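Pasting query10.txt here (compact mmCIF, C-alpha atoms):
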```txt
# COMPACT_ATOMS: atom_id res chain seq x y z
CA MET A 101 -205.75 29.19 -230.84
CA GLN A 102 -206.18 32.95 -231.06
CA ALA A 103 -203.12 35.12 -230.70
CA MET A 104 -202.79 36.65 -227.24
CA PRO A 105 -201.75 40.22 -226.51
CA LEU A 106 -198.32 40.43 -224.89
CA THR A 107 -199.64 41.38 -221.44
CA ASP A 108 -201.95 38.35 -221.41
CA ILE A 109 -199.05 36.10 -222.32
CA TRP A 110 -197.10 37.56 -219.40
CA VAL A 111 -200.03 37.06 -217.03
CA TYR A 112 -200.32 33.45 -218.20
CA LEU A 113 -196.60 32.68 -217.90
CA ALA A 114 -196.23 34.45 -214.57
CA GLY A 115 -198.94 32.20 -213.16
CA THR A 116 -197.19 28.92 -214.07
CA PRO A 117 -194.16 27.35 -212.40
CA LEU A 118 -192.40 27.40 -215.77
CA LEU A 119 -191.34 31.02 -215.49
CA GLY A 120 -189.74 30.82 -212.04
CA LEU A 121 -187.87 27.67 -213.01
CA THR A 122 -186.66 29.05 -216.33
CA LEU A 123 -185.67 32.35 -214.76
CA THR A 124 -183.58 30.54 -212.13
CA LEU A 125 -181.72 28.44 -214.70
CA VAL A 126 -181.20 31.32 -217.14
CA ALA A 127 -180.01 33.68 -214.39
CA TYR A 128 -177.60 31.09 -212.97
CA GLN A 129 -176.14 30.22 -216.36
CA GLY A 130 -175.78 33.91 -217.16
CA GLY A 131 -174.04 34.40 -213.81
CA TYR A 132 -171.82 31.38 -214.41
CA TRP A 133 -170.91 32.63 -217.88
CA VAL A 134 -169.77 35.98 -216.44
CA TYR A 135 -167.88 34.16 -213.67
CA ALA A 136 -166.12 31.88 -216.21
CA ARG A 137 -165.36 34.74 -218.60
CA ALA A 138 -163.76 36.64 -215.74
CA GLY A 139 -161.42 33.69 -215.10
CA PHE A 140 -163.39 32.37 -212.06
CA ARG A 141 -162.69 35.43 -209.98
CA PRO A 142 -164.08 34.51 -206.57
CA LEU A 143 -165.76 37.88 -206.09
CA LEU A 144 -168.00 37.36 -209.15
CA ASN A 145 -169.80 34.46 -207.53
CA PRO A 146 -172.50 33.06 -209.86
CA VAL A 147 -175.04 32.73 -207.00
CA LEU A 148 -174.61 36.39 -206.12
CA LEU A 149 -175.02 37.45 -209.76
CA ALA A 150 -178.05 35.20 -210.31
CA VAL A 151 -179.83 36.26 -207.10
CA THR A 152 -179.24 39.94 -207.84
CA PHE A 153 -180.57 39.56 -211.38
CA ILE A 154 -183.68 37.63 -210.29
CA VAL A 155 -184.52 40.05 -207.48
CA ILE A 156 -184.30 42.93 -209.95
CA VAL A 157 -186.52 41.13 -212.49
CA LEU A 158 -189.11 40.23 -209.84
CA ALA A 159 -189.11 43.76 -208.43
CA LEU A 160 -189.49 45.37 -211.86
CA THR A 161 -192.36 43.06 -212.84
CA GLY A 162 -194.03 43.24 -209.41
CA THR A 163 -193.88 39.45 -209.04
CA GLU A 164 -194.18 38.00 -205.54
CA TYR A 165 -191.59 35.65 -204.10
CA ARG A 166 -194.25 32.98 -203.59
CA THR A 167 -195.12 33.03 -207.30
CA TYR A 168 -191.45 32.79 -208.22
CA PHE A 169 -190.88 29.97 -205.73
CA ASP A 170 -193.71 27.89 -207.28
CA GLY A 171 -191.27 27.30 -210.12
CA ALA A 172 -187.96 27.63 -208.30
CA GLN A 173 -188.93 24.98 -205.74
CA PHE A 174 -187.92 22.28 -208.24
CA VAL A 175 -184.35 23.53 -208.08
CA HIS A 176 -184.54 24.10 -204.31
CA PHE A 177 -185.79 20.53 -203.87
CA LEU A 178 -182.56 19.13 -205.36
CA LEU A 179 -180.64 20.34 -202.29
CA GLY A 180 -181.81 17.13 -200.59
CA PRO A 181 -180.41 14.65 -203.15
CA ALA A 182 -177.27 16.85 -203.41
CA VAL A 183 -176.60 16.37 -199.69
CA VAL A 184 -177.07 12.60 -200.18
CA ALA A 185 -174.67 12.77 -203.15
CA LEU A 186 -171.90 14.00 -200.83
CA ALA A 187 -171.50 10.35 -199.82
CA VAL A 188 -169.78 9.76 -203.18
CA PRO A 189 -166.73 12.05 -202.77
CA LEU A 190 -166.60 11.00 -199.12
CA ALA A 191 -166.46 7.29 -200.04
CA ARG A 192 -163.82 8.03 -202.67
CA GLU A 193 -161.57 9.90 -200.21
CA TRP A 194 -162.33 7.66 -197.26
CA ASP A 195 -158.88 6.10 -196.93
CA SER A 196 -157.29 9.51 -196.54
CA VAL A 197 -160.18 10.84 -194.40
CA LYS A 198 -159.93 7.94 -191.96
CA ARG A 199 -156.33 8.74 -191.11
CA LEU A 200 -157.33 12.32 -190.37
CA ALA A 201 -160.21 11.59 -187.99
CA LEU A 202 -158.74 13.64 -185.15
CA PRO A 203 -157.76 16.74 -187.18
CA ILE A 204 -161.18 16.62 -188.85
CA ALA A 205 -163.09 16.39 -185.58
CA GLY A 206 -161.00 19.12 -183.97
CA ALA A 207 -161.25 21.50 -186.92
CA LEU A 208 -164.99 20.91 -187.26
CA GLY A 209 -165.69 21.56 -183.57
CA ALA A 210 -163.51 24.67 -183.43
CA GLY A 211 -164.80 26.06 -186.73
CA SER A 212 -168.42 25.42 -185.91
CA LEU A 213 -168.26 27.11 -182.51
CA VAL A 214 -166.36 30.08 -183.92
CA ALA A 215 -168.95 30.42 -186.71
CA LEU A 216 -171.81 30.42 -184.20
CA GLY A 217 -170.20 32.50 -181.48
CA SER A 218 -168.61 35.18 -183.64
CA ALA A 219 -171.69 35.77 -185.82
CA VAL A 220 -174.05 36.13 -182.87
CA GLY A 221 -171.48 38.01 -180.78
CA VAL A 222 -170.59 40.61 -183.42
CA ALA A 223 -174.23 41.19 -184.44
CA TRP A 224 -175.24 41.50 -180.77
CA MET A 225 -172.52 44.09 -180.11
CA LEU A 226 -173.78 46.04 -183.11
CA GLY A 227 -177.32 46.02 -181.72
CA ALA A 228 -179.08 43.51 -183.97
CA SER A 229 -182.57 42.38 -182.90
CA PRO A 230 -183.14 38.98 -181.22
CA ALA A 231 -184.90 37.51 -184.28
CA THR A 232 -181.91 38.50 -186.43
CA LEU A 233 -179.45 37.02 -183.92
CA LEU A 234 -181.29 33.70 -183.79
CA SER A 235 -181.49 33.58 -187.59
CA LEU A 236 -177.76 34.37 -187.86
CA ALA A 237 -176.73 31.57 -185.50
CA PRO A 238 -176.78 28.76 -188.11
CA LYS A 239 -175.43 30.94 -190.94
CA SER A 240 -172.49 28.65 -191.80
CA VAL A 241 -174.75 25.62 -192.14
CA THR A 242 -176.31 24.76 -195.49
CA ALA A 243 -179.62 26.56 -196.16
CA PRO A 244 -182.13 23.72 -195.65
CA ILE A 245 -180.50 22.66 -192.36
CA ALA A 246 -180.08 26.29 -191.23
CA MET A 247 -183.82 26.80 -191.77
CA GLY A 248 -184.61 23.81 -189.54
CA ILE A 249 -182.25 25.03 -186.80
CA ALA A 250 -183.62 28.59 -186.91
CA GLU A 251 -187.14 27.25 -186.58
CA LYS A 252 -186.15 25.19 -183.55
CA ILE A 253 -184.50 28.06 -181.68
CA GLY A 254 -187.06 30.74 -182.57
CA GLY A 255 -185.42 32.51 -185.52
CA LEU A 256 -187.02 33.13 -188.90
CA PRO A 257 -186.37 30.21 -191.30
CA ALA A 258 -186.51 32.22 -194.55
CA LEU A 259 -184.17 34.84 -193.07
CA ALA A 260 -181.81 32.09 -191.90
CA ALA A 261 -181.73 30.74 -195.47
CA VAL A 262 -180.80 34.18 -196.80
CA PHE A 263 -178.03 34.56 -194.20
CA ALA A 264 -176.74 31.08 -195.06
CA VAL A 265 -176.61 31.89 -198.77
CA THR A 266 -174.94 35.26 -198.05
CA THR A 267 -172.37 33.50 -195.87
CA GLY A 268 -171.74 30.93 -198.58
CA VAL A 269 -171.15 33.62 -201.20
CA ILE A 270 -168.86 35.63 -198.90
CA GLY A 271 -166.91 32.55 -197.83
CA ALA A 272 -166.48 31.41 -201.43
CA ALA A 273 -165.37 34.92 -202.39
CA LEU A 274 -162.93 35.57 -199.52
CA GLY A 275 -161.68 32.04 -198.76
CA LYS A 276 -158.77 32.18 -201.17
CA TYR A 277 -157.42 35.41 -199.67
CA VAL A 278 -157.75 34.25 -196.05
CA LEU A 279 -156.12 30.87 -196.79
CA ASP A 280 -153.34 32.44 -198.86
CA ALA A 281 -152.62 34.95 -196.08
CA LEU A 282 -152.28 32.05 -193.63
CA ARG A 283 -150.07 30.17 -196.13
CA ILE A 284 -152.31 27.11 -196.12
CA GLY A 285 -151.09 24.99 -199.03
CA ASP A 286 -152.74 21.66 -198.24
CA TRP A 287 -155.80 21.12 -200.46
CA ARG A 288 -157.46 19.03 -197.80
CA VAL A 289 -157.24 21.85 -195.25
CA ARG A 290 -158.27 24.52 -197.76
CA GLY A 291 -161.31 22.54 -198.82
CA PHE A 292 -162.31 21.58 -195.30
CA ALA A 293 -162.16 25.19 -194.05
CA LEU A 294 -164.32 26.37 -196.96
CA GLY A 295 -166.87 23.63 -196.34
CA VAL A 296 -167.16 24.38 -192.61
CA ALA A 297 -167.48 28.15 -193.09
CA ALA A 298 -169.37 28.38 -196.38
CA HIS A 299 -171.26 25.05 -196.71
CA GLY A 300 -172.46 24.15 -200.22
CA ILE A 301 -171.47 27.36 -201.95
CA GLY A 302 -167.95 27.09 -200.56
CA THR A 303 -167.96 23.42 -201.59
CA ALA A 304 -169.00 24.32 -205.13
CA ARG A 305 -166.11 26.78 -205.25
CA ALA A 306 -163.70 24.14 -203.90
CA PHE A 307 -164.82 21.59 -206.52
CA GLN A 308 -164.18 24.18 -209.24
CA VAL A 309 -160.61 24.60 -208.04
CA ASN A 310 -159.41 21.13 -207.05
CA PRO A 311 -161.14 17.71 -206.69
CA LYS A 312 -159.43 16.87 -203.40
CA ALA A 313 -160.38 20.26 -201.96
CA GLY A 314 -163.93 19.61 -203.19
CA ALA A 315 -164.14 16.23 -201.49
CA TYR A 316 -162.93 17.66 -198.18
CA ALA A 317 -165.26 20.66 -198.50
CA GLY A 318 -168.16 18.27 -199.14
CA LEU A 319 -167.17 16.24 -196.12
CA ALA A 320 -167.01 19.38 -193.96
CA PHE A 321 -170.30 20.66 -195.34
CA GLY A 322 -172.10 17.39 -194.53
CA LEU A 323 -170.47 16.95 -191.11
CA HIS A 324 -171.15 20.56 -190.13
CA GLY A 325 -174.82 20.18 -191.09
CA ALA A 326 -175.17 17.06 -188.97
CA PHE A 327 -173.18 18.50 -186.06
CA ALA A 328 -175.02 21.83 -186.00
CA ALA A 329 -178.43 20.18 -186.28
CA LEU A 330 -177.56 18.24 -183.12
CA ALA A 331 -175.52 20.79 -181.18
CA PHE A 332 -177.03 24.23 -181.86
CA PRO A 333 -180.46 23.63 -180.29
CA LEU A 334 -178.68 22.18 -177.22
CA ILE A 335 -176.29 25.15 -177.00
CA TYR A 336 -179.26 27.49 -177.31
CA ALA A 337 -181.16 25.72 -174.53
CA VAL A 338 -178.12 25.89 -172.23
CA ALA A 339 -177.43 29.55 -173.10
CA ARG A 340 -181.04 30.51 -172.41
CA ARG A 341 -181.04 28.92 -169.02
CA TRP A 342 -177.72 30.56 -168.24
CA ILE A 343 -178.85 34.04 -169.29
CA GLY A 344 -182.19 33.38 -167.65
CA GLY A 345 -184.16 34.56 -170.70
CA MET B 1386 -177.90 9.19 -214.84
CA LEU B 1387 -181.58 8.34 -214.21
CA ALA B 1388 -180.71 5.21 -212.24
CA GLY B 1389 -178.16 7.15 -210.22
CA LEU B 1390 -180.62 9.94 -209.41
CA THR B 1391 -183.17 7.31 -208.40
CA TRP B 1392 -180.65 5.82 -205.96
CA LEU B 1393 -180.00 9.24 -204.44
CA LEU B 1394 -183.74 9.77 -203.94
CA VAL B 1395 -184.17 6.26 -202.51
CA PHE B 1396 -181.44 6.94 -199.96
CA GLN B 1397 -182.94 10.33 -199.13
CA CYS B 1398 -186.28 8.59 -198.47
CA LEU B 1399 -184.55 5.99 -196.31
CA GLY B 1400 -182.84 8.81 -194.40
CA GLU B 1401 -186.11 10.67 -193.84
CA ALA B 1402 -187.80 7.46 -192.68
CA LEU B 1403 -184.95 6.55 -190.33
CA VAL B 1404 -184.86 10.03 -188.77
CA ARG B 1405 -188.61 9.93 -188.10
CA MET B 1406 -188.65 6.36 -186.87
CA LEU B 1407 -185.88 6.94 -184.34
CA GLY B 1408 -186.76 10.57 -183.60
CA LEU B 1409 -183.22 11.69 -184.50
CA PRO B 1410 -182.53 15.43 -184.54
CA VAL B 1411 -180.49 15.12 -187.79
CA PRO B 1412 -181.98 16.30 -191.11
CA GLY B 1413 -183.22 13.47 -193.35
CA PRO B 1414 -180.79 14.12 -196.24
CA VAL B 1415 -177.81 14.00 -193.84
CA ALA B 1416 -178.98 10.60 -192.59
CA GLY B 1417 -179.46 9.57 -196.25
CA MET B 1418 -175.89 10.61 -197.00
CA LEU B 1419 -174.58 8.48 -194.12
CA LEU B 1420 -176.65 5.48 -195.26
CA LEU B 1421 -175.44 5.82 -198.85
CA PHE B 1422 -171.88 6.15 -197.58
CA VAL B 1423 -172.19 2.93 -195.58
CA ALA B 1424 -173.76 1.15 -198.58
CA LEU B 1425 -170.92 2.29 -200.87
CA ARG B 1426 -168.28 1.16 -198.39
CA LEU B 1427 -169.94 -2.24 -197.95
CA ARG B 1428 -170.19 -2.66 -201.70
CA GLY B 1429 -166.54 -1.70 -202.13
CA THR B 1430 -166.89 -0.14 -205.58
CA LEU B 1431 -168.67 2.99 -206.74
CA PRO B 1432 -171.45 2.22 -209.30
CA ALA B 1433 -170.98 4.35 -212.41
CA ASN B 1434 -174.60 5.55 -212.45
CA VAL B 1435 -174.45 6.86 -208.86
CA ASP B 1436 -171.12 8.51 -209.63
CA THR B 1437 -172.57 10.22 -212.73
CA ALA B 1438 -175.65 11.55 -210.92
CA ALA B 1439 -173.70 12.70 -207.87
CA THR B 1440 -171.04 14.41 -209.95
CA ALA B 1441 -173.70 16.19 -212.05
CA LEU B 1442 -175.51 17.47 -208.94
CA LEU B 1443 -172.35 18.53 -207.12
CA GLN B 1444 -170.89 20.24 -210.16
CA HIS B 1445 -173.61 22.85 -210.06
CA LEU B 1446 -174.27 22.74 -206.36
CA SER B 1447 -174.35 26.52 -206.10
CA LEU B 1448 -177.30 26.72 -208.54
CA LEU B 1449 -179.42 24.97 -205.91
CA PHE B 1450 -178.99 27.87 -203.47
CA VAL B 1451 -180.37 30.50 -205.83
CA PRO B 1452 -184.08 30.12 -204.86
CA ALA B 1453 -183.28 30.41 -201.13
CA GLY B 1454 -181.09 33.44 -201.85
CA VAL B 1455 -183.87 35.20 -203.72
CA GLY B 1456 -185.83 34.90 -200.45
CA VAL B 1457 -183.90 38.04 -199.47
CA MET B 1458 -186.85 39.97 -200.93
CA LEU B 1459 -189.18 38.60 -198.23
CA HIS B 1460 -187.14 40.25 -195.50
CA TYR B 1461 -186.14 43.39 -197.28
CA GLY B 1462 -187.41 45.64 -194.46
CA ARG B 1463 -185.50 43.91 -191.69
CA ILE B 1464 -182.34 43.63 -193.74
CA ALA B 1465 -182.55 47.30 -194.75
CA ASP B 1466 -182.83 48.30 -191.05
CA GLU B 1467 -180.00 46.13 -189.81
CA TRP B 1468 -177.85 45.62 -192.88
CA ALA B 1469 -174.63 47.02 -191.40
CA ALA B 1470 -174.76 44.79 -188.31
CA ILE B 1471 -175.69 41.77 -190.42
CA MET B 1472 -173.01 42.25 -193.06
CA ILE B 1473 -170.23 43.03 -190.58
CA ALA B 1474 -171.21 39.99 -188.48
CA ILE B 1475 -171.27 37.68 -191.51
CA VAL B 1476 -167.99 38.91 -193.01
CA VAL B 1477 -166.07 38.90 -189.70
CA SER B 1478 -167.48 35.55 -188.65
CA THR B 1479 -166.88 33.88 -192.01
CA VAL B 1480 -163.27 35.04 -192.23
CA LEU B 1481 -162.65 33.94 -188.61
CA THR B 1482 -164.29 30.56 -189.23
CA ILE B 1483 -162.17 29.85 -192.31
CA ALA B 1484 -159.01 30.92 -190.49
CA VAL B 1485 -159.65 29.01 -187.26
CA THR B 1486 -160.78 25.83 -189.04
CA ALA B 1487 -157.72 25.85 -191.30
CA VAL B 1488 -155.21 26.67 -188.55
CA VAL B 1489 -156.60 24.05 -186.14
CA MET B 1490 -156.68 21.38 -188.85
CA ARG B 1491 -153.16 22.16 -190.03
CA ALA B 1492 -151.85 22.09 -186.45
CA LEU B 1493 -153.53 18.74 -185.72
CA ILE B 1494 -152.29 17.20 -188.97
CA GLY B 1495 -148.79 18.45 -188.16
CA ARG B 1496 -148.93 16.93 -184.69
CA GLN B 1497 -150.24 13.63 -186.03
CA MET B 1498 -147.70 13.36 -188.84
CA PRO B 1499 -144.52 15.14 -187.77
CA ALA B 1500 -142.80 14.06 -190.99
CA ALA B 1501 -145.03 16.60 -192.80
CA ALA B 1502 -146.75 13.60 -194.36
CA ASP B 1503 -148.02 13.04 -197.88
CA ALA B 1504 -145.61 13.97 -200.60
CA ALA B 1505 -148.72 14.14 -202.79
CA GLU B 1506 -149.88 17.32 -201.05
CA PRO B 1507 -148.72 20.57 -202.58
CA SER B 1508 -146.31 22.54 -200.43
CA SER B 1509 -146.95 26.18 -199.62
CA SER B 1510 -144.31 27.19 -202.16
CA ASP B 1511 -146.76 25.94 -204.78
CA PRO B 1512 -149.59 28.41 -204.33
CA PRO B 1513 -153.07 26.97 -204.91
CA GLU B 1514 -155.52 28.72 -207.13
CA HIS B 1515 -158.48 29.27 -204.88
```

Rewrite the structure from the file as structure tokens, please.
Amino acid sequence: MQAMPLTDIWVYLAGTPLLGLTLTLVAYQGGYWVYARAGFRPLLNPVLLAVTFIVIVLALTGTEYRTYFDGAQFVHFLLGPAVVALAVPLAREWDSVKRLALPIAGALGAGSLVALGSAVGVAWMLGASPATLLSLAPKSVTAPIAMGIAEKIGGLPALAAVFAVTTGVIGAALGKYVLDALRIGDWRVRGFALGVAAHGIGTARAFQVNPKAGAYAGLAFGLHGAFAALAFPLIYAVARRWIGG
Amino acid sequence: MLAGLTWLLVFQCLGEALVRMLGLPVPGPVAGMLLLFVALRLRGTLPANVDTAATALLQHLSLLFVPAGVGVMLHYGRIADEWAAIMIAIVVSTVLTIAVTAVVMRALIGRQMPAAADAAEPSSSDPPEH
């Protein structure tokens, strides 16, 4: 094989899924390395670092998101099996979960409605457009489920995914400070609150800190996804009729 | 690891099939999680291969959100126009959600177990790390 000039190599690589996939893994591990080196400071979230780095690389090289996603979809796809995998920590903690059925149901319902109502309410008061409001509604639900909900209620699925990831990063970054301020010492409560508010990214953070918190965050993340997928389209339908829109 | 991952995919497929067959409004993977949970409870023990695969996936759960996050570049225009409203709404709402969820859950646990319950739980004088 004849040697290729560098630009041709780039054109070749940029056209295969390999580059998007490699870039995702390299950027995440770089982000994780920085996060670990900084003593797991919540503000240096590895997702935030990786996304920022990839967006800069794609912008500088003029690569389209679709081209990048051809490779990155293999990572994105694993969100499905990861949601299934949440059954494992749930089964392990079941004996303690069972005794807390009422606190769990109450906290999930309250947290979910506050997440929905406060996001839409604050953005509406600040004059956000309807498409933005409808895409913000499922922001505390994990990205693939948020995309499905946004589609159902007339938001923009890709925008909903971005808002969900942003929410996850912010929840994982600020959770510690909010929970410390409220003097919440119980790992189960800390984990559950992170899972309801910040879905999988909050759950990842909780697993890094404490296994019990991780299990409860995973439980909250799965329950919130199921609850929101059922409840949000209904709430939207009722709200629309009520407003008369 | 491979056998465990296969099981996760099998249960995801079962979940997708169930949701479509019954016309349920739940996402397929959530149904798959519930089915796997039931199967694990019926079996009584956790197979090592499923445990390995699940732990590996959940350990780097946040990696899986990177591709969706990069989707920010698709909506750059809209986000640039409305970024203040969006960011304020997300930060305020996320902080409120964490606070309300935690306070409600703590209150309900306290009501259910007035004896302050499990000695295994850390007390608030033992500040957690996250």

* Nearest to B:Phe1422 by atom-to-atom distance, counting all atoms listed in the file, from B:Trp1468, B:Tyr1461, B:Phe1450, B:Phe1396 -> B:Phe1396

* In Å, how far is it from atom CA of A:Ile335 to atom CA of B:Cys1398? ->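 These two atoms are separated by 28.9 Å.
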
* Provide the atom CA of B:Ala1474 to atom CA of A:Ile156 distance in Å, to one decimal place. =>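 Interatomic distance here is 25.3 Å.
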
Could you give me, as an mmCIF file with C-alpha atoms, in the frame of the given file, the residues within 10 Å of B:Leu1390, counting only C-alpha atoms and dropping anything in the same chain fewer than 6 positions from it?
```
data_model
loop_
_atom_site.group_PDB
_atom_site.id
_atom_site.type_symbol
_atom_site.label_atom_id
_atom_site.label_comp_id
_atom_site.auth_asym_id
_atom_site.auth_seq_id
_atom_site.Cartn_x
_atom_site.Cartn_y
_atom_site.Cartn_z
ATOM 1 C CA PRO A 181 -180.410 14.650 -203.150
ATOM 2 C CA ALA A 182 -177.270 16.850 -203.410
ATOM 3 C CA ALA A 185 -174.670 12.770 -203.150
ATOM 4 C CA PHE B 1396 -181.440 6.940 -199.960
ATOM 5 C CA ASN B 1434 -174.600 5.550 -212.450
ATOM 6 C CA VAL B 1435 -174.450 6.860 -208.860
ATOM 7 C CA ASP B 1436 -171.120 8.510 -209.630
ATOM 8 C CA THR B 1437 -172.570 10.220 -212.730
ATOM 9 C CA ALA B 1438 -175.650 11.550 -210.920
ATOM 10 C CA ALA B 1439 -173.700 12.700 -207.870
ATOM 11 C CA ALA B 1441 -173.700 16.190 -212.050
ATOM 12 C CA LEU B 1442 -175.510 17.470 -208.940
#
```

* To do: Give the answer as one residue: which of A:Val188, A:Gly115, A:Ser196, A:Ala297 has the shortest atom-to-atom distance to A:Ala210, using all atoms listed in the file?
  => A:Ala297

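In this comparison, which uses all atoms listed in the file, the residue of A:His324, A:Asp195, A:Ala273, A:Ala172 approaching chain B most closely is A:Ala172.
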
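Counting only C-alpha atoms, the residue from A:Leu294, A:Val157, A:Leu226, A:Ala205 that sits nearest to B:Val1480 is A:Leu294.
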
* Pick from A:Ala201, A:Leu119, A:Leu186, A:Ala328 nearest to B:Leu1493, counting all atoms listed in the file ->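 Answer, going by the shortest atom-to-atom distance: A:Ala201.
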
* To do: Find the residue from A:Gly248, A:Ala331, A:Leu106, A:Val269 that sits nearest to A:Ala150; use all atoms listed in the file when measuring.
  => A:Val269

Generate the coordinates of N, CA and C atoms for stretch 1434-1449 of chain B; report them as a PDB file, in the frame of the given file.
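Output (result.pdb):
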```pdb
ATOM      1  N   ASN B1434    -173.410   4.680-212.347  1.00  0.00           N
ATOM      2  CA  ASN B1434    -174.600   5.550-212.450  1.00  0.00           C
ATOM      3  C   ASN B1434    -174.737   6.489-211.245  1.00  0.00           C
ATOM      4  N   VAL B1435    -174.404   5.997-210.056  1.00  0.00           N
ATOM      5  CA  VAL B1435    -174.450   6.860-208.860  1.00  0.00           C
ATOM      6  C   VAL B1435    -173.388   7.945-208.982  1.00  0.00           C
ATOM      7  N   ASP B1436    -172.220   7.552-209.453  1.00  0.00           N
ATOM      8  CA  ASP B1436    -171.120   8.510-209.630  1.00  0.00           C
ATOM      9  C   ASP B1436    -171.544   9.617-210.605  1.00  0.00           C
ATOM     10  N   THR B1437    -172.157   9.235-211.729  1.00  0.00           N
ATOM     11  CA  THR B1437    -172.570  10.220-212.730  1.00  0.00           C
ATOM     12  C   THR B1437    -173.585  11.207-212.145  1.00  0.00           C
ATOM     13  N   ALA B1438    -174.605  10.677-211.468  1.00  0.00           N
ATOM     14  CA  ALA B1438    -175.650  11.550-210.920  1.00  0.00           C
ATOM     15  C   ALA B1438    -175.088  12.469-209.842  1.00  0.00           C
ATOM     16  N   ALA B1439    -174.256  11.902-208.955  1.00  0.00           N
ATOM     17  CA  ALA B1439    -173.700  12.700-207.870  1.00  0.00           C
ATOM     18  C   ALA B1439    -172.785  13.793-208.412  1.00  0.00           C
ATOM     19  N   THR B1440    -171.952  13.425-209.394  1.00  0.00           N
ATOM     20  CA  THR B1440    -171.040  14.410-209.950  1.00  0.00           C
ATOM     21  C   THR B1440    -171.813  15.535-210.634  1.00  0.00           C
ATOM     22  N   ALA B1441    -172.889  15.174-211.361  1.00  0.00           N
ATOM     23  CA  ALA B1441    -173.700  16.190-212.050  1.00  0.00           C
ATOM     24  C   ALA B1441    -174.325  17.150-211.040  1.00  0.00           C
ATOM     25  N   LEU B1442    -174.862  16.611-209.948  1.00  0.00           N
ATOM     26  CA  LEU B1442    -175.510  17.470-208.940  1.00  0.00           C
ATOM     27  C   LEU B1442    -174.482  18.364-208.250  1.00  0.00           C
ATOM     28  N   LEU B1443    -173.327  17.771-207.901  1.00  0.00           N
ATOM     29  CA  LEU B1443    -172.350  18.530-207.120  1.00  0.00           C
ATOM     30  C   LEU B1443    -171.619  19.561-207.976  1.00  0.00           C
ATOM     31  N   GLN B1444    -171.573  19.296-209.277  1.00  0.00           N
ATOM     32  CA  GLN B1444    -170.890  20.240-210.160  1.00  0.00           C
ATOM     33  C   GLN B1444    -171.581  21.606-210.163  1.00  0.00           C
ATOM     34  N   HIS B1445    -172.892  21.580-210.077  1.00  0.00           N
ATOM     35  CA  HIS B1445    -173.610  22.850-210.060  1.00  0.00           C
ATOM     36  C   HIS B1445    -174.361  23.040-208.758  1.00  0.00           C
ATOM     37  N   LEU B1446    -173.687  22.629-207.682  1.00  0.00           N
ATOM     38  CA  LEU B1446    -174.270  22.740-206.360  1.00  0.00           C
ATOM     39  C   LEU B1446    -174.748  24.157-206.073  1.00  0.00           C
ATOM     40  N   SER B1447    -173.982  25.157-206.507  1.00  0.00           N
ATOM     41  CA  SER B1447    -174.350  26.520-206.100  1.00  0.00           C
ATOM     42  C   SER B1447    -175.662  26.970-206.753  1.00  0.00           C
ATOM     43  N   LEU B1448    -176.001  26.399-207.918  1.00  0.00           N
ATOM     44  CA  LEU B1448    -177.300  26.720-208.540  1.00  0.00           C
ATOM     45  C   LEU B1448    -178.446  26.472-207.552  1.00  0.00           C
ATOM     46  N   LEU B1449    -178.314  25.395-206.769  1.00  0.00           N
ATOM     47  CA  LEU B1449    -179.420  24.970-205.910  1.00  0.00           C
ATOM     48  C   LEU B1449    -179.720  25.962-204.796  1.00  0.00           C
TER      49      LEU B1449
END
```
